[in-house]
Amino acid sequence: MSAPTALDAAQRRQLFWLFGLALLVLAAGYGMRDPWPADEPRFVLVAKQMFEGGSWWFPHRGQELYPDKPPLFFWILAAARGLVGSWRWSFLLPSLLSGIGTLWLTYDLGRRLWNHRAGLWSAIAVLSCLQFVYQFKRAQIDPTLVLFTTFALYGMFRHLLLGPAWRWFWAGCFAAGAGVVLKGVGFLPLLALIPYALMRRQRWQGIADPGNRNAWRWLGGGLLFFAAIAAWLVPMVTMALADGDPVHRAYLDNLLYKQTATRYADAWHHHKPFWYFGQVIALFWLPFSLALAWLWRDWRDALRNRDARVWLPLAWAGLVLLFFSASPGKRDMYILPALPAVALAAGPYLGALMQRRNFQRALLAFCVAFALLLLGVGVAALVQPPSFIQKLVTDRGLEGGAEALWWMLVLVGASALLVAAWKRRAGAGIAAAWLLVALWCGYGLVAHPVLDPSSSARALMERARAVAGPGVTIGLVEWKEQNLLQAVGPVHEFGFRRPAPEQLRMAVAWLDQAPGQRRVLFSQPRVEAPCFSAADLETPAVRSVGSANRRNWFLVTRAGITPACFGAGLSDPD
């Protein structure tokens with residue numbers, strides 16, 4: 001297929017505005033917070049220990065090996081830290097760049113398959129999804145995984161739909177292999193070969209003819225896929241088996257078996273029903289998901305015409321949906337890699353759909369309802385906070401500091417209502433754009449700094465150090481990753497997976513060795529036995545250091561710990 005025509009000045013301006021807005025919403029609040037639970041502190045802590053300790057092949061969380069994920073994402077986080085020089089300013093960089101890269105790949109592939117307008121609408125569809133922006137403003141693995149899977153699809157579709165282009169196919173296969181080193185499901189783009197084979201046999205329109213006698217070229221793609229995995233797997237397995245360390249052998253078994261096949265087929269948490277991702281798409285892909293109620297007719301016509309440009313991405317997205325739905329363990333972000341493919345299939349029809357009155361009404365109704373929700377929550381929190389707001393403030397330790405958050409909701413909601421009233425039905429797209437840009441900018445510029453001291457545990461650990469003093473070592477009991485990540489000065493921990501009673505017993509023995517130079521930080525409500533007397537609160541023996549992550553934390557000396565805390569009756573509450 002011939003190369004796409006060059007962009008004219010108007011098209012370049014459209015592209016500039018789209019990616020300018022994308023950068024604005026994805027980068028708003030960048031550098032204004034530290035890693036937040038549940039996953040960010042864990043991943044950044046593992047990368048930090050890699051960066052500082054040099055254990056690149058065997059990731060650690062504290063003193064224990066961390067076998068839950070392959071190491072590529074931690075390498076990327078460490079590389080970002082080396083480039084920027086600060087964890088606070090670097091840990092979101094991979095997600096930010098992945099977001100921009102995913103949008104560009106979606107746009108460029110849509111432009112090549114159809115035209116500039118279709119590519120533009122495909123990228124807009126991705127950017128409009130609530131789940132996309134929310135996840136790409138976080139430092140989880142999934143945003144980077146989406147970039148890898150989208151690039152793999154890009155390379156494969158350049159060959160399967162626009163080829164023959166064997167180099168692009170090989171690049172896509174290699175990216176899929178690298179995606180496996182990022183997260184086990186990185187192989188998913190290769191599933192596109194299944195509907196491709198069926199469509200090619202049935203001579204669908206849009207399928208490229210790769211020619212004959214190309215078995216070695218197809219095989220080359222498979223070899224590159226496995227080569228990307230082997231570049232990490234072979235050295236790691238060799239070291240794990242050669243050094244004779246049983247801990248490394250256990251790490252190998254856990255990573256390659258428990259965290260892959262067992263986690264998929266017999267997940268031990270996040271159990272959801274088979275149809276769970278249908279709910280996720282309907283709610284978290286708003287407002288793009290509204291278009292699905294109209295797009296099915298266009299997709300039906302494309303099916304009748306056997307248009308592979310539409311149905312190869314859709315068929316692949318359907319296989320991804322089926323793959324994740326078949327596993328009992330589900331999280332909402334798992335389905336995110338399918339979003340660019342669905343948006344790509346929607347791109348050629350969204351421009352016309354935006355002119356349809358019924359869709360305009362639906363989009364405007366979404367804007368008004370969402371704006372009213374934001375405005376209502378903000379006003380209620382400022383005037384007479386309902387119970388769920390009071391609980392949020394208490395759990396987050398926001399007493400006296402949450403007004404900016406509520407005013408942000410009021411301003412976003414009120415301004416969105418004004419724009420909706422001004423533009424009305426015909427301007428529903430502008431109203432939606434205003435609402436989403438204002439919401440994400442407010443979230444980044446206001447919510448990040450307001451929520452960060454408690455969510456990141458930074459304020460807690462700074463307070464603990466101030467109370468303990470500069471020369472005291474703080475022992476962490478039943479700690480979370482953010483506690484160790486944000487620790488100031490010397491700290492000691494007693495393992496992460498070890499049961500809480502055992503950690504407490506080890507901590508008491510550790511305190512006995514140097515009671516004047518050591519303190520223990522732990523959360524009283526998380527243990528059944530009373531670890532200190534209420535009479536000792538706010539004495540030198542037991543000091544409250546604040547709340548973080550919905551837990552109250554105390555800094556305790558050896559004298560402040562009661563015998564019941566580590567006696568035979570203590571049991572792990574989890």
# chains A, B, ... in the order shown; residues from 1 in each chain; ligands from 1
>>> residues_around(residues="Leu537 (chain A)", least_positions_apart="4", cutoff="10 Å", atoms="only C-alpha atoms", output="list in words")
Phe532, Ser533, Ala541, Val542, Arg543, Ser544, Phe554, Val556 and Gly560 of chain A
>>> residues_around(residues="region 289-292 of chain A", least_positions_apart="5", cutoff="10 Å", atoms="only C-alpha atoms", output="list of chain:residue names")
A:Ala125, A:Ser128, A:Cys129, A:Val280, A:Ile281, A:Ala282, A:Leu283, A:Phe284, A:Arg297, A:Trp299, A:Val342, A:Ala343, A:Ala346, A:Tyr349, A:Leu350, A:Leu353, A:Met354, A:Phe359, A:Ala362, A:Leu363, A:Phe366
>>> atom_distance(atom1="CA of Ala78 (chain A)", atom2="CA of Cys441 (chain A)")
27.2 Å
>>> closest_residue(among="A:Gly221, A:Arg300, A:Gly318, A:Ala326", to="His271 (chain A)", atoms="only C-alpha atoms")
A:Ala326
>>> closest_residue(among="A:Met50, A:Ala10, A:Val377, A:Met236", to="His116 (chain A)", atoms="only C-alpha atoms")
A:Ala10
>>> residues_around(residues="Leu65 (chain A)", least_positions_apart="4", cutoff="9 Å", atoms="only C-alpha atoms", output="ChimeraX atom specification")
/A:58-61,247-248,251
>>> residues_around(residues="Leu255 (chain A)", least_positions_apart="6", cutoff="9 Å", atoms="only C-alpha atoms", output="list in words")
Tyr66, Pro67, Asp68, Lys69 and Pro70 of chain A
>>> write_last_selection(atoms="N, CA and C atoms", output="mmCIF file, in the first residue's frame")
data_model
loop_
_atom_site.group_PDB
_atom_site.id
_atom_site.type_symbol
_atom_site.label_atom_id
_atom_site.label_comp_id
_atom_site.auth_asym_id
_atom_site.auth_seq_id
_atom_site.Cartn_x
_atom_site.Cartn_y
_atom_site.Cartn_z
ATOM 1 N N TYR A 66 11.663 -10.282 45.409
ATOM 2 C CA TYR A 66 10.320 -9.924 44.940
ATOM 3 C C TYR A 66 10.052 -10.656 43.632
ATOM 4 N N PRO A 67 9.310 -11.775 43.677
ATOM 5 C CA PRO A 67 9.120 -12.604 42.482
ATOM 6 C C PRO A 67 7.831 -12.338 41.725
ATOM 7 N N ASP A 68 7.074 -11.321 42.101
ATOM 8 C CA ASP A 68 5.740 -11.165 41.519
ATOM 9 C C ASP A 68 5.754 -10.713 40.063
ATOM 10 N N LYS A 69 6.799 -10.006 39.645
ATOM 11 C CA LYS A 69 6.845 -9.453 38.286
ATOM 12 C C LYS A 69 8.247 -9.623 37.709
ATOM 13 N N PRO A 70 8.352 -9.791 36.373
ATOM 14 C CA PRO A 70 9.666 -9.745 35.726
ATOM 15 C C PRO A 70 10.303 -8.366 35.926
#
>>> residues_around(residues="Leu409 (chain A)", least_positions_apart="5", cutoff="8 Å", atoms="only C-alpha atoms", output="list in words")
Leu374, Leu375, Val377, Gly378, Leu439 and Gly442 of chain A
>>> write_last_selection(atoms="C-alpha atoms", output="PDB file, in the first residue's frame")
ATOM      1  CA  LEU A 374     -18.688  16.838  40.904  1.00  0.00           C
ATOM      2  CA  LEU A 375     -20.468  20.039  41.873  1.00  0.00           C
ATOM      3  CA  VAL A 377     -19.931  16.423  46.079  1.00  0.00           C
ATOM      4  CA  GLY A 378     -17.878  19.610  46.333  1.00  0.00           C
ATOM      5  CA  LEU A 439     -11.048  17.428  35.677  1.00  0.00           C
ATOM      6  CA  GLY A 442      -7.620  19.745  38.767  1.00  0.00           C
TER       7      GLY A 442
END
>>> residues_around(residues="Val383 (chain A)", least_positions_apart="4", cutoff="12 Å", atoms="only C-alpha atoms", output="list in words")
Gly376, Val377, Gly378, Val379, Ile389, Glu403, Trp406, Trp407 and Val410 of chain A
>>> write_last_selection(atoms="N, CA and C atoms", output="PDB file, in the first residue's frame")
ATOM      1  N   GLY A 376     -22.020  18.650  43.124  1.00  0.00           N
ATOM      2  CA  GLY A 376     -22.754  18.248  44.317  1.00  0.00           C
ATOM      3  C   GLY A 376     -21.846  17.751  45.425  1.00  0.00           C
ATOM      4  N   VAL A 377     -20.865  16.926  45.070  1.00  0.00           N
ATOM      5  CA  VAL A 377     -19.931  16.423  46.079  1.00  0.00           C
ATOM      6  C   VAL A 377     -19.128  17.571  46.679  1.00  0.00           C
ATOM      7  N   GLY A 378     -18.659  18.486  45.832  1.00  0.00           N
ATOM      8  CA  GLY A 378     -17.878  19.610  46.333  1.00  0.00           C
ATOM      9  C   GLY A 378     -18.667  20.504  47.266  1.00  0.00           C
ATOM     10  N   VAL A 379     -19.889  20.854  46.878  1.00  0.00           N
ATOM     11  CA  VAL A 379     -20.723  21.725  47.721  1.00  0.00           C
ATOM     12  C   VAL A 379     -21.068  21.024  49.030  1.00  0.00           C
ATOM     13  N   ILE A 389     -17.726  11.460  53.136  1.00  0.00           N
ATOM     14  CA  ILE A 389     -16.711  12.504  53.057  1.00  0.00           C
ATOM     15  C   ILE A 389     -15.958  12.598  54.381  1.00  0.00           C
ATOM     16  N   GLU A 403     -10.034  21.656  51.908  1.00  0.00           N
ATOM     17  CA  GLU A 403     -10.903  22.638  51.254  1.00  0.00           C
ATOM     18  C   GLU A 403     -10.537  22.848  49.795  1.00  0.00           C
ATOM     19  N   TRP A 406     -12.209  20.275  47.616  1.00  0.00           N
ATOM     20  CA  TRP A 406     -13.645  20.468  47.393  1.00  0.00           C
ATOM     21  C   TRP A 406     -13.907  21.656  46.472  1.00  0.00           C
ATOM     22  N   TRP A 407     -13.130  22.718  46.630  1.00  0.00           N
ATOM     23  CA  TRP A 407     -13.295  23.862  45.739  1.00  0.00           C
ATOM     24  C   TRP A 407     -12.931  23.500  44.303  1.00  0.00           C
ATOM     25  N   VAL A 410     -15.947  21.859  42.859  1.00  0.00           N
ATOM     26  CA  VAL A 410     -16.979  22.861  42.591  1.00  0.00           C
ATOM     27  C   VAL A 410     -16.667  23.622  41.310  1.00  0.00           C
TER      28      VAL A 410
END
>>> select_by_dssp(residues="region 60-258 of chain A", states="helix (DSSP H, G or I)", output="number ranges by chain")
A: 72-84, 87-90, 93-113, 116-128, 130-136, 141-160, 166-182, 184-201, 215-242, 246-258
>>> write_last_selection(atoms="C-alpha atoms", output="compact mmCIF listing (two decimals), in the first residue's frame")
# COMPACT_ATOMS: atom_id res chain seq x y z
CA LEU A 72 11.95 -4.93 32.88
CA PHE A 73 9.64 -2.30 34.40
CA PHE A 74 12.00 -1.90 37.34
CA TRP A 75 14.90 -1.43 34.93
CA ILE A 76 12.90 1.27 33.15
CA LEU A 77 12.12 3.04 36.44
CA ALA A 78 15.79 2.89 37.42
CA ALA A 79 16.81 4.25 34.01
CA ALA A 80 14.37 7.15 34.44
CA ARG A 81 15.89 7.85 37.85
CA GLY A 82 19.38 7.83 36.38
CA LEU A 83 18.28 10.22 33.65
CA VAL A 84 16.35 12.68 35.84
CA TRP A 87 12.68 9.53 42.25
CA ARG A 88 9.90 12.07 42.78
CA TRP A 89 10.52 13.60 39.36
CA SER A 90 11.18 10.37 37.49
CA LEU A 93 8.08 9.48 33.43
CA PRO A 94 7.61 5.97 31.93
CA SER A 95 3.82 6.29 32.15
CA LEU A 96 3.85 9.81 30.70
CA LEU A 97 5.99 8.80 27.73
CA SER A 98 3.98 5.60 27.28
CA GLY A 99 0.77 7.64 27.09
CA ILE A 100 2.11 9.97 24.42
CA GLY A 101 3.63 7.04 22.54
CA THR A 102 0.40 5.03 22.62
CA LEU A 103 -1.58 7.98 21.28
CA TRP A 104 0.93 8.56 18.49
CA LEU A 105 0.96 4.90 17.43
CA THR A 106 -2.84 4.83 17.40
CA TYR A 107 -3.03 8.01 15.36
CA ASP A 108 -0.35 6.99 12.87
CA LEU A 109 -1.79 3.55 12.26
CA GLY A 110 -5.27 5.02 11.76
CA ARG A 111 -3.84 7.56 9.33
CA ARG A 112 -2.11 4.84 7.33
CA LEU A 113 -5.14 2.55 7.28
CA HIS A 116 -5.56 11.75 8.92
CA ARG A 117 -9.11 12.32 10.16
CA ALA A 118 -9.62 8.68 11.12
CA GLY A 119 -6.27 8.58 12.89
CA LEU A 120 -7.09 11.76 14.77
CA TRP A 121 -10.43 10.42 15.97
CA SER A 122 -8.84 7.13 17.00
CA ALA A 123 -6.36 8.95 19.22
CA ILE A 124 -9.11 11.22 20.60
CA ALA A 125 -11.16 8.15 21.50
CA VAL A 126 -8.25 6.72 23.50
CA LEU A 127 -7.52 10.02 25.25
CA SER A 128 -11.17 10.58 26.15
CA LEU A 130 -11.42 8.01 31.97
CA GLN A 131 -9.47 4.82 32.59
CA PHE A 132 -6.73 5.72 30.11
CA VAL A 133 -5.82 9.07 31.66
CA TYR A 134 -6.23 7.84 35.23
CA GLN A 135 -3.93 4.86 34.70
CA PHE A 136 -1.38 6.79 32.65
CA ILE A 141 3.18 -1.53 34.94
CA ASP A 142 0.04 -1.43 32.82
CA PRO A 143 0.64 1.93 31.04
CA THR A 144 4.06 0.76 29.87
CA LEU A 145 2.56 -2.61 28.92
CA VAL A 146 -0.04 -0.82 26.77
CA LEU A 147 2.78 0.96 24.93
CA PHE A 148 4.53 -2.35 24.26
CA THR A 149 1.37 -4.15 23.12
CA THR A 150 0.32 -1.19 20.97
CA PHE A 151 3.74 -1.03 19.33
CA ALA A 152 3.63 -4.79 18.75
CA LEU A 153 0.22 -4.44 17.08
CA TYR A 154 1.47 -1.44 15.11
CA GLY A 155 4.37 -3.43 13.70
CA MET A 156 2.25 -6.48 12.96
CA PHE A 157 -0.57 -4.49 11.33
CA ARG A 158 1.93 -2.58 9.19
CA HIS A 159 2.73 -5.99 7.75
CA LEU A 160 -0.61 -7.83 7.92
CA TRP A 166 8.58 -7.97 7.20
CA ARG A 167 10.82 -5.69 9.24
CA TRP A 168 7.80 -4.15 10.89
CA PHE A 169 6.43 -7.62 11.58
CA TRP A 170 9.70 -8.67 13.17
CA ALA A 171 9.79 -5.48 15.24
CA GLY A 172 6.26 -6.20 16.46
CA CYS A 173 7.17 -9.75 17.45
CA PHE A 174 10.25 -8.56 19.31
CA ALA A 175 8.14 -5.94 21.13
CA ALA A 176 5.70 -8.67 22.18
CA GLY A 177 8.59 -10.68 23.58
CA ALA A 178 9.89 -7.65 25.46
CA GLY A 179 6.35 -7.18 26.75
CA VAL A 180 6.56 -10.62 28.36
CA VAL A 181 9.65 -9.46 30.29
CA LEU A 182 7.56 -6.48 31.36
CA GLY A 184 3.61 -12.07 31.47
CA VAL A 185 0.67 -11.12 29.23
CA GLY A 186 2.91 -9.22 26.82
CA PHE A 187 2.46 -12.04 24.30
CA LEU A 188 -1.16 -11.03 23.63
CA PRO A 189 -0.48 -9.17 20.33
CA LEU A 190 0.52 -12.49 18.76
CA LEU A 191 -3.11 -13.59 19.09
CA ALA A 192 -3.83 -11.31 16.12
CA LEU A 193 -2.33 -13.99 13.89
CA ILE A 194 -5.36 -16.23 14.57
CA PRO A 195 -8.03 -13.98 12.99
CA TYR A 196 -5.49 -12.90 10.37
CA ALA A 197 -5.07 -16.50 9.20
CA LEU A 198 -8.84 -16.95 8.95
CA MET A 199 -9.33 -13.66 7.12
CA ARG A 200 -6.53 -14.39 4.70
CA ARG A 201 -8.00 -17.79 3.89
CA ALA A 215 8.06 -19.66 6.00
CA TRP A 216 11.49 -18.59 7.18
CA ARG A 217 10.29 -15.00 7.53
CA TRP A 218 7.30 -16.05 9.64
CA LEU A 219 9.62 -18.22 11.68
CA GLY A 220 11.92 -15.24 12.12
CA GLY A 221 9.14 -13.40 13.93
CA GLY A 222 8.77 -16.26 16.38
CA LEU A 223 12.51 -16.42 16.92
CA LEU A 224 12.68 -12.70 17.66
CA PHE A 225 9.79 -13.05 20.12
CA PHE A 226 11.63 -15.73 22.04
CA ALA A 227 14.97 -13.94 21.67
CA ALA A 228 13.60 -10.92 23.54
CA ILE A 229 12.48 -13.19 26.38
CA ALA A 230 15.69 -15.23 26.35
CA ALA A 231 17.84 -12.10 26.71
CA TRP A 232 16.51 -11.89 30.27
CA LEU A 233 15.42 -15.45 31.05
CA VAL A 234 18.57 -17.37 30.11
CA PRO A 235 21.03 -15.32 32.24
CA MET A 236 18.59 -15.23 35.15
CA VAL A 237 17.90 -18.98 35.12
CA THR A 238 21.60 -19.74 34.68
CA MET A 239 22.54 -17.64 37.71
CA ALA A 240 19.68 -19.02 39.81
CA LEU A 241 20.66 -22.63 39.12
CA ALA A 242 24.42 -22.16 39.18
CA PRO A 246 17.76 -22.09 47.47
CA VAL A 247 16.29 -18.60 47.75
CA HIS A 248 17.09 -17.95 44.09
CA ARG A 249 15.62 -21.33 43.13
CA ALA A 250 12.42 -20.50 45.03
CA TYR A 251 12.34 -17.13 43.26
CA LEU A 252 12.60 -18.90 39.92
CA ASP A 253 9.76 -21.31 40.69
CA ASN A 254 7.53 -18.53 42.02
CA LEU A 255 8.09 -16.21 39.08
CA LEU A 256 7.82 -18.76 36.28
CA TYR A 257 4.98 -20.89 37.64
CA LYS A 258 2.99 -19.36 40.49
>>> closest_residue(among="A:Ala3, A:Leu555, A:Ala404, A:Ala432", to="Ala468 (chain A)", atoms="only C-alpha atoms")
A:Leu555
>>> residues_around(residues="Gly397 (chain A)", least_positions_apart="2", cutoff="9 Å", atoms="only C-alpha atoms", output="PyMOL selection string")
chain A and resi 392-395+399-401+451+453-454+546-550
